[in-house]
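As stored in structure22.txt (compact mmCIF, C-alpha atoms):
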```txt
# COMPACT_ATOMS: atom_id res chain seq x y z
CA MET A 1 -7.09 15.85 15.51
CA THR A 2 -3.54 15.79 16.83
CA ASN A 3 -0.66 17.39 14.89
CA LYS A 4 1.68 14.58 15.92
CA ILE A 5 4.31 13.73 13.30
CA ILE A 6 5.09 10.04 12.87
CA GLU A 7 8.45 9.03 11.44
CA ARG A 8 7.56 6.61 8.69
CA LYS A 9 9.58 3.43 8.17
CA ILE A 10 10.48 4.59 4.68
CA PHE A 11 12.02 7.84 5.95
CA SER A 12 15.45 6.32 6.67
CA GLN A 13 15.57 4.85 3.15
CA LEU A 14 14.76 8.25 1.66
CA VAL A 15 17.44 9.92 3.80
CA GLN A 16 20.05 7.44 2.55
CA HIS A 17 19.02 8.09 -1.03
CA LEU A 18 19.58 11.84 -0.66
CA ASN A 19 23.28 11.01 -1.10
CA GLU A 20 22.67 9.27 -4.43
CA PRO A 21 22.79 11.18 -7.74
CA GLU A 22 19.65 9.43 -9.03
CA MET A 23 16.32 11.19 -8.78
CA THR A 24 14.25 10.13 -5.79
CA ILE A 25 10.69 9.34 -6.93
CA ILE A 26 8.07 8.96 -4.17
CA LEU A 27 4.77 7.42 -5.31
CA GLY A 28 1.64 6.70 -3.31
CA PRO A 29 -2.03 7.56 -2.86
CA ARG A 30 -3.14 11.04 -1.92
CA GLN A 31 -3.23 11.83 1.79
CA THR A 32 -0.59 9.23 2.75
CA GLY A 33 1.96 11.78 3.89
CA LYS A 34 4.18 12.33 0.84
CA THR A 35 4.16 16.11 1.38
CA THR A 36 4.98 15.60 5.06
CA LEU A 37 7.91 13.37 4.06
CA LEU A 38 9.24 16.15 1.84
CA GLU A 39 9.01 18.56 4.78
CA GLN A 40 10.79 16.07 7.04
CA LEU A 41 13.55 15.57 4.45
CA LYS A 42 14.02 19.32 4.21
CA ASP A 43 14.18 19.59 8.01
CA TYR A 44 16.73 16.76 8.06
CA LEU A 45 18.95 18.61 5.57
CA LEU A 46 18.77 21.83 7.59
CA LYS A 47 19.11 20.37 11.10
CA ASN A 48 22.10 18.25 10.10
CA GLN A 49 23.67 21.22 8.30
CA ILE A 50 23.83 19.28 5.06
CA SER A 51 22.23 22.16 3.19
CA GLN A 52 20.99 25.71 3.71
CA GLU A 53 17.55 27.20 3.11
CA LYS A 54 18.71 29.03 0.00
CA ASP A 55 19.83 25.74 -1.58
CA ILE A 56 16.47 23.99 -1.15
CA LEU A 57 13.61 24.68 -3.57
CA ASN A 58 10.05 23.51 -2.88
CA PHE A 59 7.27 23.24 -5.46
CA ASN A 60 3.73 21.92 -5.02
CA LEU A 61 2.18 21.50 -8.45
CA ASP A 62 -1.34 21.37 -7.04
CA PHE A 63 -0.82 25.17 -6.92
CA ILE A 64 -1.11 26.89 -10.29
CA SER A 65 1.50 29.49 -9.33
CA ASP A 66 4.10 26.73 -8.88
CA LEU A 67 2.95 24.76 -11.93
CA GLU A 68 3.41 27.78 -14.22
CA LEU A 69 7.16 27.63 -13.67
CA PHE A 70 7.23 24.16 -15.25
CA GLN A 71 5.56 25.11 -18.55
CA SER A 72 8.90 25.46 -20.30
CA GLN A 73 11.85 23.13 -19.74
CA SER A 74 14.38 25.70 -20.98
CA GLU A 75 13.01 28.45 -18.72
CA PHE A 76 13.00 26.15 -15.70
CA PHE A 77 16.56 25.10 -16.49
CA ARG A 78 17.63 28.76 -16.55
CA TYR A 79 15.76 29.30 -13.28
CA LEU A 80 17.73 26.48 -11.62
CA LYS A 81 21.11 27.61 -13.03
CA ALA A 82 20.57 31.07 -11.60
CA ARG A 83 20.21 29.53 -8.12
CA LEU A 84 23.24 27.27 -8.28
CA ASN A 85 26.35 28.06 -6.30
CA ASN A 86 29.09 25.77 -5.01
CA GLU A 87 26.63 23.58 -3.08
CA ILE A 88 24.13 20.91 -4.15
CA LEU A 89 20.72 22.34 -5.03
CA TYR A 90 17.90 20.21 -3.63
CA VAL A 91 14.70 20.47 -5.68
CA PHE A 92 11.49 19.07 -4.15
CA VAL A 93 8.57 18.73 -6.58
CA ASP A 94 5.23 17.58 -5.13
CA GLU A 95 2.63 16.08 -7.55
CA ALA A 96 5.15 15.98 -10.42
CA GLN A 97 2.76 14.08 -12.69
CA ARG A 98 1.08 17.42 -13.45
CA ILE A 99 4.01 18.37 -15.67
CA GLU A 100 3.43 17.53 -19.30
CA ASN A 101 5.89 14.82 -20.42
CA THR A 102 7.33 14.59 -16.92
CA GLY A 103 10.07 12.09 -17.75
CA ILE A 104 11.40 13.97 -20.77
CA PHE A 105 11.20 17.26 -18.85
CA PHE A 106 13.47 16.06 -16.03
CA LYS A 107 15.68 13.85 -18.20
CA GLY A 108 16.85 16.86 -20.17
CA ILE A 109 17.83 18.73 -17.03
CA TYR A 110 19.32 15.67 -15.26
CA ASP A 111 21.55 14.89 -18.25
CA LYS A 112 23.21 18.30 -17.95
CA LYS A 113 25.04 16.80 -14.92
CA LEU A 114 24.53 19.84 -12.73
CA PRO A 115 24.83 19.49 -8.91
CA ILE A 116 21.05 19.17 -8.51
CA LYS A 117 19.24 16.50 -6.50
CA PHE A 118 15.61 16.02 -7.54
CA ILE A 119 13.03 14.57 -5.16
CA LEU A 120 9.67 14.11 -6.91
CA THR A 121 6.32 12.83 -5.65
CA GLY A 122 3.24 11.62 -7.47
CA SER A 123 -0.23 10.36 -6.52
CA SER A 124 -0.88 8.35 -9.64
CA SER A 125 1.46 5.49 -10.37
CA PHE A 126 -0.30 5.06 -13.72
CA GLU A 127 0.50 8.57 -14.86
CA LEU A 128 3.90 9.16 -13.34
CA LYS A 129 5.31 5.69 -14.00
CA SER A 130 4.19 5.78 -17.62
CA LYS A 131 5.79 9.20 -18.04
CA ILE A 132 9.12 8.41 -16.40
CA SER A 133 9.75 4.70 -16.89
CA GLU A 134 11.49 4.91 -20.26
CA SER A 135 12.72 8.49 -20.14
CA LEU A 136 14.43 8.15 -16.75
CA THR A 137 15.85 4.64 -17.05
CA GLY A 138 18.95 4.48 -14.88
CA ARG A 139 18.29 7.97 -13.57
CA LYS A 140 15.80 7.34 -10.76
CA ARG A 141 14.77 5.10 -7.89
CA ILE A 142 11.11 4.68 -7.01
CA PHE A 143 9.84 4.50 -3.41
CA THR A 144 6.19 3.75 -2.61
CA VAL A 145 4.44 5.37 0.37
CA TYR A 146 1.32 3.52 1.51
CA PRO A 147 -1.12 4.36 4.30
CA PHE A 148 0.28 3.53 7.76
CA ASP A 149 1.02 -0.11 8.47
CA PHE A 150 0.08 -1.51 11.89
CA TYR A 151 3.51 -0.66 13.34
CA GLU A 152 3.17 2.99 12.33
CA TYR A 153 -0.43 3.03 13.55
CA LEU A 154 0.71 1.85 17.02
CA LEU A 155 3.50 4.43 16.97
CA SER A 156 0.85 7.12 16.62
CA ILE A 157 -0.77 5.95 19.89
CA GLU A 158 2.11 5.18 22.24
CA GLN A 159 5.84 5.12 21.55
CA HIS A 160 6.34 1.74 23.27
CA LEU A 161 3.50 -0.20 21.61
CA PRO A 162 5.26 -1.14 18.33
CA ASN A 163 8.00 -2.88 20.33
CA LEU A 164 5.45 -5.46 21.49
CA LEU A 165 5.10 -6.68 17.90
CA TYR A 166 8.65 -8.01 17.95
CA LEU A 167 8.48 -9.90 21.24
CA GLU A 168 7.62 -13.60 21.16
CA ASN A 169 6.24 -13.71 24.68
CA ILE A 170 4.00 -10.94 25.98
CA SER A 171 1.31 -10.85 28.65
CA ASP A 172 -2.33 -11.71 27.96
CA TYR A 173 -3.15 -8.08 28.70
CA ASP A 174 -0.74 -6.87 25.99
CA LYS A 175 -2.10 -9.46 23.52
CA LYS A 176 -5.63 -8.21 24.11
CA THR A 177 -4.46 -4.60 23.81
CA LEU A 178 -2.77 -5.27 20.46
CA LEU A 179 -5.79 -7.17 19.13
CA ASN A 180 -8.18 -4.37 20.10
CA TYR A 181 -5.97 -1.83 18.36
CA LEU A 182 -5.73 -4.13 15.35
CA TYR A 183 -9.53 -4.33 15.11
CA ASP A 184 -9.71 -0.53 15.08
CA PHE A 185 -6.92 -0.38 12.48
CA ILE A 186 -8.77 -2.85 10.25
CA ASN A 187 -12.01 -0.89 10.65
CA TYR A 188 -10.71 2.59 9.83
CA GLY A 189 -7.51 1.86 7.95
CA GLY A 190 -4.15 3.58 7.95
CA TYR A 191 -4.56 6.96 6.25
CA PRO A 192 -2.59 9.30 8.55
CA ARG A 193 -5.36 11.88 9.05
CA VAL A 194 -7.81 9.11 9.93
CA VAL A 195 -5.38 7.42 12.32
CA LEU A 196 -4.52 10.66 14.10
CA GLU A 197 -8.19 11.51 14.65
CA ASN A 198 -9.69 10.17 17.89
CA ASN A 199 -13.36 10.85 17.15
CA GLU A 200 -15.03 8.03 15.17
CA GLU A 201 -17.44 10.36 13.36
CA LYS A 202 -14.54 12.58 12.28
CA LYS A 203 -12.58 9.50 11.16
CA GLN A 204 -15.45 8.73 8.78
CA GLN A 205 -15.55 12.35 7.62
CA TRP A 206 -11.84 12.21 6.76
CA LEU A 207 -12.41 8.97 4.83
CA LYS A 208 -15.24 10.67 2.95
CA GLU A 209 -12.92 13.54 2.05
CA ILE A 210 -10.17 11.16 0.91
CA TYR A 211 -12.65 9.09 -1.13
CA SER A 212 -14.34 12.16 -2.68
CA GLY A 213 -11.02 13.82 -3.42
CA TYR A 214 -9.79 10.69 -5.16
CA ILE A 215 -12.90 10.46 -7.35
CA GLU A 216 -13.09 14.19 -8.13
CA ARG A 217 -9.41 15.08 -8.57
CA ASP A 218 -7.78 11.92 -9.88
CA ILE A 219 -10.56 10.00 -11.60
CA ILE A 220 -12.76 12.75 -13.04
CA GLY A 221 -10.35 15.68 -13.10
CA PHE A 222 -7.00 14.12 -13.93
CA LEU A 223 -7.62 10.76 -15.58
CA LYS A 224 -10.76 12.06 -17.33
CA VAL A 225 -12.93 9.03 -16.52
CA LYS A 226 -16.33 10.13 -17.83
CA THR A 227 -18.64 7.36 -16.62
CA PHE A 228 -17.64 7.91 -13.00
CA THR A 229 -20.96 6.50 -11.72
CA ALA A 230 -20.01 3.14 -13.25
CA TYR A 231 -16.53 3.54 -11.78
CA THR A 232 -17.85 4.10 -8.26
CA LYS A 233 -20.32 1.23 -8.69
CA LEU A 234 -17.42 -1.05 -9.61
CA LEU A 235 -15.56 0.18 -6.53
CA ARG A 236 -18.51 -0.72 -4.27
CA ILE A 237 -18.92 -4.16 -5.84
CA LEU A 238 -15.23 -4.93 -5.37
CA ALA A 239 -15.45 -3.70 -1.77
CA GLY A 240 -18.24 -6.21 -1.17
CA GLN A 241 -16.29 -9.17 -2.50
CA ILE A 242 -12.71 -8.80 -1.24
CA GLY A 243 -10.97 -12.13 -1.17
CA ASN A 244 -13.23 -13.61 -3.87
CA LEU A 245 -12.33 -14.52 -7.43
CA VAL A 246 -12.94 -11.61 -9.82
CA ASN A 247 -14.73 -12.38 -13.08
CA ASN A 248 -14.50 -9.41 -15.44
CA HIS A 249 -17.29 -10.71 -17.67
CA GLU A 250 -19.68 -10.89 -14.72
CA LEU A 251 -18.67 -7.39 -13.63
CA SER A 252 -19.29 -6.12 -17.15
CA GLN A 253 -22.82 -7.56 -17.19
CA THR A 254 -23.64 -6.36 -13.66
CA ILE A 255 -22.50 -2.77 -14.20
CA GLY A 256 -23.53 -2.49 -17.85
CA ILE A 257 -20.21 -1.40 -19.33
CA SER A 258 -17.87 -3.18 -21.71
CA PHE A 259 -15.35 -5.84 -20.75
CA ARG A 260 -12.52 -3.59 -21.97
CA THR A 261 -13.78 -0.72 -19.82
CA ILE A 262 -13.84 -3.02 -16.78
CA GLU A 263 -10.24 -3.99 -17.51
CA SER A 264 -9.29 -0.33 -17.87
CA TYR A 265 -11.02 0.66 -14.61
CA LEU A 266 -9.42 -2.21 -12.68
CA GLU A 267 -6.01 -1.16 -13.96
CA THR A 268 -6.71 2.44 -12.94
CA LEU A 269 -7.76 1.30 -9.45
CA LYS A 270 -4.50 -0.64 -9.14
CA GLN A 271 -2.28 2.12 -10.43
CA THR A 272 -3.89 4.72 -8.15
CA PHE A 273 -3.22 2.47 -5.12
CA VAL A 274 -6.84 1.66 -4.23
CA ILE A 275 -6.77 -2.09 -4.90
CA ASN A 276 -4.31 -4.77 -5.85
CA GLU A 277 -4.72 -8.32 -7.04
CA LEU A 278 -3.59 -11.70 -5.80
CA THR A 279 -2.85 -14.23 -8.49
CA PRO A 280 -3.10 -18.04 -8.23
CA PHE A 281 -0.21 -20.29 -7.28
CA PHE A 282 -0.02 -23.38 -9.46
CA LYS A 283 2.36 -26.13 -10.48
CA ASN A 284 -0.13 -28.49 -12.08
CA ILE A 285 -2.22 -26.53 -14.58
CA ARG A 286 -4.58 -29.48 -15.17
CA LYS A 287 -5.62 -29.72 -11.52
CA GLU A 288 -5.16 -26.18 -10.21
CA LEU A 289 -6.93 -23.00 -11.26
CA SER A 290 -4.62 -20.51 -12.94
CA LYS A 291 -6.76 -17.70 -14.36
CA MET A 292 -8.91 -15.40 -12.26
CA PRO A 293 -7.24 -13.30 -9.55
CA LYS A 294 -8.61 -12.15 -6.21
CA ILE A 295 -8.94 -8.45 -5.39
CA TYR A 296 -8.08 -6.77 -2.10
CA PHE A 297 -8.02 -3.13 -1.00
CA ILE A 298 -4.74 -1.48 -0.03
CA ASP A 299 -6.59 0.29 2.80
CA SER A 300 -9.48 -1.38 4.60
CA GLY A 301 -10.82 1.94 5.88
CA LEU A 302 -11.42 3.12 2.32
CA ARG A 303 -13.04 -0.23 1.59
CA ASN A 304 -15.37 0.08 4.58
CA PHE A 305 -16.26 3.64 3.57
CA ALA A 306 -17.26 2.41 0.10
CA LEU A 307 -19.77 0.13 1.85
CA SER A 308 -20.68 2.64 4.61
CA SER A 309 -19.92 -0.07 7.17
CA PHE A 310 -17.95 0.64 10.35
CA ARG A 311 -19.36 -1.85 12.82
CA ASN A 312 -17.04 -3.27 15.46
CA PHE A 313 -14.76 -5.89 13.91
CA GLU A 314 -15.82 -8.72 16.22
CA GLU A 315 -19.50 -8.15 15.38
CA ARG A 316 -19.05 -8.10 11.60
CA ASP A 317 -20.19 -10.85 9.24
CA ASP A 318 -17.33 -9.96 6.89
CA ARG A 319 -14.55 -10.12 9.50
CA GLY A 320 -12.98 -13.12 7.73
CA SER A 321 -12.63 -11.15 4.50
CA LEU A 322 -11.35 -8.12 6.38
CA LEU A 323 -8.73 -10.18 8.20
CA GLU A 324 -7.62 -11.61 4.85
CA ASN A 325 -7.41 -8.06 3.50
CA TYR A 326 -5.24 -7.05 6.47
CA VAL A 327 -2.84 -9.94 5.80
CA PHE A 328 -2.71 -9.03 2.11
CA SER A 329 -1.90 -5.39 2.96
CA VAL A 330 0.91 -6.50 5.28
CA PHE A 331 2.71 -8.20 2.41
CA ILE A 332 1.97 -5.36 -0.03
CA LYS A 333 3.41 -2.77 2.37
CA LYS A 334 6.45 -4.96 2.98
CA GLU A 335 6.78 -5.05 -0.83
CA TYR A 336 6.70 -8.82 -1.11
CA LYS A 337 6.65 -9.78 -4.80
CA ASN A 338 5.94 -13.51 -4.60
CA PHE A 339 2.74 -14.27 -2.77
CA TYR A 340 -0.37 -15.95 -4.14
CA PHE A 341 -3.48 -17.94 -3.29
CA TRP A 342 -4.06 -21.62 -4.08
CA ARG A 343 -7.25 -23.22 -5.32
CA THR A 344 -7.88 -26.51 -7.10
CA LYS A 345 -10.70 -27.59 -9.36
CA ASP A 346 -12.12 -29.69 -6.52
CA LYS A 347 -12.25 -26.46 -4.45
CA SER A 348 -9.38 -27.13 -2.07
CA GLU A 349 -8.06 -23.70 -1.15
CA VAL A 350 -5.36 -21.93 0.87
CA ASP A 351 -5.61 -18.19 1.47
CA PHE A 352 -1.96 -17.25 0.89
CA ILE A 353 1.13 -18.96 -0.45
CA ILE A 354 4.39 -17.14 0.25
CA GLU A 355 7.63 -17.81 -1.62
CA ASP A 356 10.42 -16.47 0.58
CA LYS A 357 13.92 -15.31 -0.39
CA ASN A 358 15.17 -18.91 -0.28
CA ASN A 359 12.36 -20.02 -2.63
CA GLU A 360 10.76 -21.89 0.24
CA ILE A 361 6.98 -22.25 -0.10
CA ILE A 362 5.02 -21.25 3.01
CA PRO A 363 1.21 -21.67 3.13
CA LEU A 364 -0.76 -19.24 5.27
CA GLU A 365 -4.37 -19.84 6.30
CA ILE A 366 -6.70 -17.25 7.90
CA LYS A 367 -9.45 -18.03 10.43
CA ALA A 368 -11.22 -15.02 11.97
CA THR A 369 -12.28 -17.08 14.98
CA LYS A 370 -11.01 -17.67 18.51
CA LEU A 371 -9.59 -21.17 18.37
CA THR A 372 -9.14 -23.06 21.64
CA LYS A 373 -7.18 -25.93 20.06
CA PRO A 374 -5.40 -26.71 16.77
CA GLU A 375 -7.79 -26.92 13.80
CA ILE A 376 -6.88 -26.94 10.13
CA THR A 377 -8.99 -27.00 6.98
CA ARG A 378 -9.19 -29.72 4.34
CA GLY A 379 -7.57 -27.40 1.79
CA PHE A 380 -4.66 -26.70 4.13
CA LYS A 381 -4.13 -30.44 4.66
CA ASN A 382 -4.28 -31.07 0.92
CA PHE A 383 -1.69 -28.43 0.16
CA ILE A 384 0.65 -29.75 2.86
CA SER A 385 0.23 -33.28 1.56
CA ARG A 386 0.92 -32.22 -2.02
CA TYR A 387 3.82 -29.78 -1.54
CA LYS A 388 5.30 -30.86 1.80
CA PRO A 389 6.45 -27.42 3.00
CA GLN A 390 8.80 -27.24 5.97
CA LYS A 391 6.45 -24.92 7.84
CA ALA A 392 2.99 -23.40 7.58
CA PHE A 393 1.10 -20.72 9.51
CA LEU A 394 -2.49 -20.51 10.62
CA ILE A 395 -3.64 -17.06 11.71
CA ASN A 396 -6.49 -16.91 14.22
CA LEU A 397 -7.69 -14.60 17.00
CA SER A 398 -6.66 -16.49 20.15
CA TYR A 399 -4.68 -19.74 19.89
CA GLN A 400 -0.88 -19.90 19.77
CA GLY A 401 0.97 -23.18 19.47
CA GLU A 402 2.47 -25.73 17.08
CA ILE A 403 1.60 -29.12 15.63
CA THR A 404 3.36 -31.29 13.05
CA ILE A 405 1.67 -33.01 10.09
CA ASP A 406 3.70 -35.04 7.59
CA LYS A 407 6.93 -33.36 8.76
CA THR A 408 5.39 -29.90 8.23
CA LYS A 409 5.44 -27.69 11.31
CA ILE A 410 2.14 -25.79 11.55
CA ILE A 411 2.43 -22.66 13.67
CA PHE A 412 -0.69 -20.98 15.06
CA ILE A 413 -0.23 -17.22 15.44
CA LEU A 414 -2.15 -14.04 16.16
CA PRO A 415 -2.54 -11.65 13.18
CA TYR A 416 -0.16 -8.93 14.35
CA GLU A 417 2.69 -11.48 14.66
CA LEU A 418 3.14 -11.27 10.88
CA GLU A 419 5.19 -8.12 11.54
CA ARG A 420 7.75 -10.15 13.48
CA ILE A 421 7.77 -13.34 11.40
CA PHE A 422 7.88 -11.96 7.86
```
Please, can you express the file's structure as structure tokens?
Amino acid sequence: MTNKIIERKIFSQLVQHLNEPEMTIILGPRQTGKTTLLEQLKDYLLKNQISQEKDILNFNLDFISDLELFQSQSEFFRYLKARLNNEILYVFVDEAQRIENTGIFFKGIYDKKLPIKFILTGSSSFELKSKISESLTGRKRIFTVYPFDFYEYLLSIEQHLPNLLYLENISDYDKKTLLNYLYDFINYGGYPRVVLENNEEKKQQWLKEIYSGYIERDIIGFLKVKTFTAYTKLLRILAGQIGNLVNNHELSQTIGISFRTIESYLETLKQTFVINELTPFFKNIRKELSKMPKIYFIDSGLRNFALSSFRNFEERDDRGSLLENYVFSVFIKKEYKNFYFWRTKDKSEVDFIIEDKNNEIIPLEIKATKLTKPEITRGFKNFISRYKPQKAFLINLSYQGEITIDKTKIIFILPYELERIF
């Protein structure tokens, strides 16, 4: 595995926030590079002569020796005061959720108005958010670090490749190159250690370690989930039905645990950045379904590991679901808030409905096939007829072009073009 360091997109945002008095809170799954980001921020402070080594404190609370210092708020406060001089003291705390009453702990110190900049990370949104949301209101900004997106994945291969994503016209050779890389990205996902490993067997070993570590450290060890066999069974079932409607009652009967436990486990999976849900878009409640969500995985590599399935993308029976999952993850990583799916009681359906910043509605349909000419589904036509959007997109694996139906421009694009368009 290469030791190559990739500058994440979020890094520049974190650098800018170093100048703000608020605490910088970095959330995200384990193994997504939060610790590396802390190291890069420290290097940035030193290389740009913004701070000196003596004015930067590093703590990793996965280590008991570091965690012991945080057992008493008053003692830690005295520890910090003793290290203050005329400069800002930068305090990096990795895995901050391990502190009891995290929010109250840091609120008390923050409110003393000392020249201290806190940068905290956490692997469990559920734990850290619940501990800091009320206590640190107005005192923090939260940044989320996900596994690599496709841009960052390409950056790990060749410096010039990401630039191709933002060009409208590229050669057939470059299109094929990007698609082949995309298929690999969809297969193994974006966890940095997995991406930076060239050997396929070792990629799977890293995914096993990430998966096992998540179950053992966060689910069993930290969140104290006792029926972890039911939890992992739920995870496998969800992995097998990405892009489908999720019925909690059916899941309860299949796994043999209560409806409330299913709800709790689904919430835990969301708050620990394993899955997220897509809710229905509706204007007419009588004609359109408005209850059950769809579930997708944040990282398709973790999803494929749960099913022990790493066949080549083009040979897979589930490539349509995986391509949907990729599109979903694009919008999650871009932190889009308003995107949905559409389905009516007569089973007309559109994969994604995007509401952009101008409140314009944009339907997006996915076809994991190599189209040779424009083709659209009945559901897509029905949505266009009903809502009359200005434009719509159909993602496929080969055809690029435009047609117009009822004044709606339908644009056929390749999957990776989402980076440029949205």
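Among the candidates A:Glu7, A:Ile362, A:Leu394, A:Glu197, the one nearest to Glu39 in chain A when counting only C-alpha atoms is A:Glu7.
What separates CA of Pro280 in chain A from CA of Gly189 in chain A is a distance of 26.0 Å.
Among the candidates A:Tyr214, A:Phe383, A:Phe59, A:Phe313, the one nearest to Phe118 in chain A when counting only C-alpha atoms is A:Phe59.
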**Request:** Rounded to one decimal place, report the CA of Val145 in chain A-CA of Pro29 in chain A distance in Å.
**Result:**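 We find that CA of Val145 in chain A and CA of Pro29 in chain A lie 7.6 Å from each other.
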**Item:** Between CA of Asn396 in chain A and CA of Phe422 in chain A, distance in Å (one decimal)
**Value:**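 Going from CA of Asn396 in chain A over to CA of Phe422 in chain A covers 16.5 Å.
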Please report as JSON lines every residue of range 287-333 of chain A lying within 10 Å of range 235-254 of chain A, along with the nearest atom pair and their distance in Å (one decimal), using only C-alpha atoms.
```
{"residue": "A:Lys291", "atom": "CA", "partner": "A:Leu245", "partner_atom": "CA", "distance": 9.4}
{"residue": "A:Met292", "atom": "CA", "partner": "A:Leu245", "partner_atom": "CA", "distance": 6.0}
{"residue": "A:Pro293", "atom": "CA", "partner": "A:Leu245", "partner_atom": "CA", "distance": 5.6}
{"residue": "A:Lys294", "atom": "CA", "partner": "A:Leu245", "partner_atom": "CA", "distance": 4.6}
{"residue": "A:Ile295", "atom": "CA", "partner": "A:Ile242", "partner_atom": "CA", "distance": 5.6}
{"residue": "A:Tyr296", "atom": "CA", "partner": "A:Ile242", "partner_atom": "CA", "distance": 5.1}
{"residue": "A:Phe297", "atom": "CA", "partner": "A:Ile242", "partner_atom": "CA", "distance": 7.4}
{"residue": "A:Ser300", "atom": "CA", "partner": "A:Ala239", "partner_atom": "CA", "distance": 9.0}
{"residue": "A:Leu302", "atom": "CA", "partner": "A:Ala239", "partner_atom": "CA", "distance": 8.9}
{"residue": "A:Arg303", "atom": "CA", "partner": "A:Ala239", "partner_atom": "CA", "distance": 5.4}
{"residue": "A:Asn304", "atom": "CA", "partner": "A:Ala239", "partner_atom": "CA", "distance": 7.4}
{"residue": "A:Phe305", "atom": "CA", "partner": "A:Ala239", "partner_atom": "CA", "distance": 9.1}
{"residue": "A:Ala306", "atom": "CA", "partner": "A:Arg236", "partner_atom": "CA", "distance": 5.5}
{"residue": "A:Leu307", "atom": "CA", "partner": "A:Arg236", "partner_atom": "CA", "distance": 6.3}
{"residue": "A:Ser308", "atom": "CA", "partner": "A:Arg236", "partner_atom": "CA", "distance": 9.7}
{"residue": "A:Asp318", "atom": "CA", "partner": "A:Gly240", "partner_atom": "CA", "distance": 8.9}
{"residue": "A:Gly320", "atom": "CA", "partner": "A:Gly243", "partner_atom": "CA", "distance": 9.2}
{"residue": "A:Ser321", "atom": "CA", "partner": "A:Gly243", "partner_atom": "CA", "distance": 6.0}
{"residue": "A:Leu322", "atom": "CA", "partner": "A:Ile242", "partner_atom": "CA", "distance": 7.8}
{"residue": "A:Leu323", "atom": "CA", "partner": "A:Gly243", "partner_atom": "CA", "distance": 9.8}
{"residue": "A:Glu324", "atom": "CA", "partner": "A:Gly243", "partner_atom": "CA", "distance": 6.9}
{"residue": "A:Asn325", "atom": "CA", "partner": "A:Gly243", "partner_atom": "CA", "distance": 7.1}
{"residue": "A:Phe328", "atom": "CA", "partner": "A:Gly243", "partner_atom": "CA", "distance": 9.4}
```
Same residues, C-alpha atoms, output as an mmCIF file, in the coordinates of the input:
```cif
data_model
loop_
_atom_site.group_PDB
_atom_site.id
_atom_site.type_symbol
_atom_site.label_atom_id
_atom_site.label_comp_id
_atom_site.auth_asym_id
_atom_site.auth_seq_id
_atom_site.Cartn_x
_atom_site.Cartn_y
_atom_site.Cartn_z
ATOM 1 C CA LYS A 291 -6.760 -17.700 -14.360
ATOM 2 C CA MET A 292 -8.910 -15.400 -12.260
ATOM 3 C CA PRO A 293 -7.240 -13.300 -9.550
ATOM 4 C CA LYS A 294 -8.610 -12.150 -6.210
ATOM 5 C CA ILE A 295 -8.940 -8.450 -5.390
ATOM 6 C CA TYR A 296 -8.080 -6.770 -2.100
ATOM 7 C CA PHE A 297 -8.020 -3.130 -1.000
ATOM 8 C CA SER A 300 -9.480 -1.380 4.600
ATOM 9 C CA LEU A 302 -11.420 3.120 2.320
ATOM 10 C CA ARG A 303 -13.040 -0.230 1.590
ATOM 11 C CA ASN A 304 -15.370 0.080 4.580
ATOM 12 C CA PHE A 305 -16.260 3.640 3.570
ATOM 13 C CA ALA A 306 -17.260 2.410 0.100
ATOM 14 C CA LEU A 307 -19.770 0.130 1.850
ATOM 15 C CA SER A 308 -20.680 2.640 4.610
ATOM 16 C CA ASP A 318 -17.330 -9.960 6.890
ATOM 17 C CA GLY A 320 -12.980 -13.120 7.730
ATOM 18 C CA SER A 321 -12.630 -11.150 4.500
ATOM 19 C CA LEU A 322 -11.350 -8.120 6.380
ATOM 20 C CA LEU A 323 -8.730 -10.180 8.200
ATOM 21 C CA GLU A 324 -7.620 -11.610 4.850
ATOM 22 C CA ASN A 325 -7.410 -8.060 3.500
ATOM 23 C CA PHE A 328 -2.710 -9.030 2.110
#
```
**Request:** Tell me, as a VMD selection string, which residues lie within 8 Å of Ile411 in chain A, counting all atoms listed in the file; anything in the same chain fewer than 5 positions away does not count.
**Result:** chain A and resid 391 to 394 400 to 403
**Prompt:** Given the choices A:Leu46, A:Gln31, A:Gln159, A:Asn276, which gets closest to Ser212 in chain A if the distance is worked out from only C-alpha atoms?
**Reply:**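 Answer, going by the shortest atom-to-atom distance: A:Gln31.
Take the candidates A:Asn60, A:Asn312, A:Ser135, A:Asn85 and check each one against Tyr183 in chain A using all atoms listed in the file; the shortest distance goes to A:Asn312.
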**Asked** List as a list of chain:residue names: which residues have an atom within 7 Å of (-2.5, -15.1, 16.8), counting only C-alpha atoms?
**Response**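 Counting only C-alpha atoms, I find these residues within 7 Å of (-2.5, -15.1, 16.8): A:Ile395, A:Asn396, A:Leu397, A:Ser398, A:Tyr399, A:Gln400, A:Phe412, A:Ile413, A:Leu414, A:Pro415, A:Glu417.
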**Asked** Between A:Val194, A:Leu80, A:Ile332, A:Leu167, which has the minimum distance to Tyr153 in chain A (counting all atoms listed in the file)?
**Response**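 Under the stated criterion, the closest residue is A:Val194.
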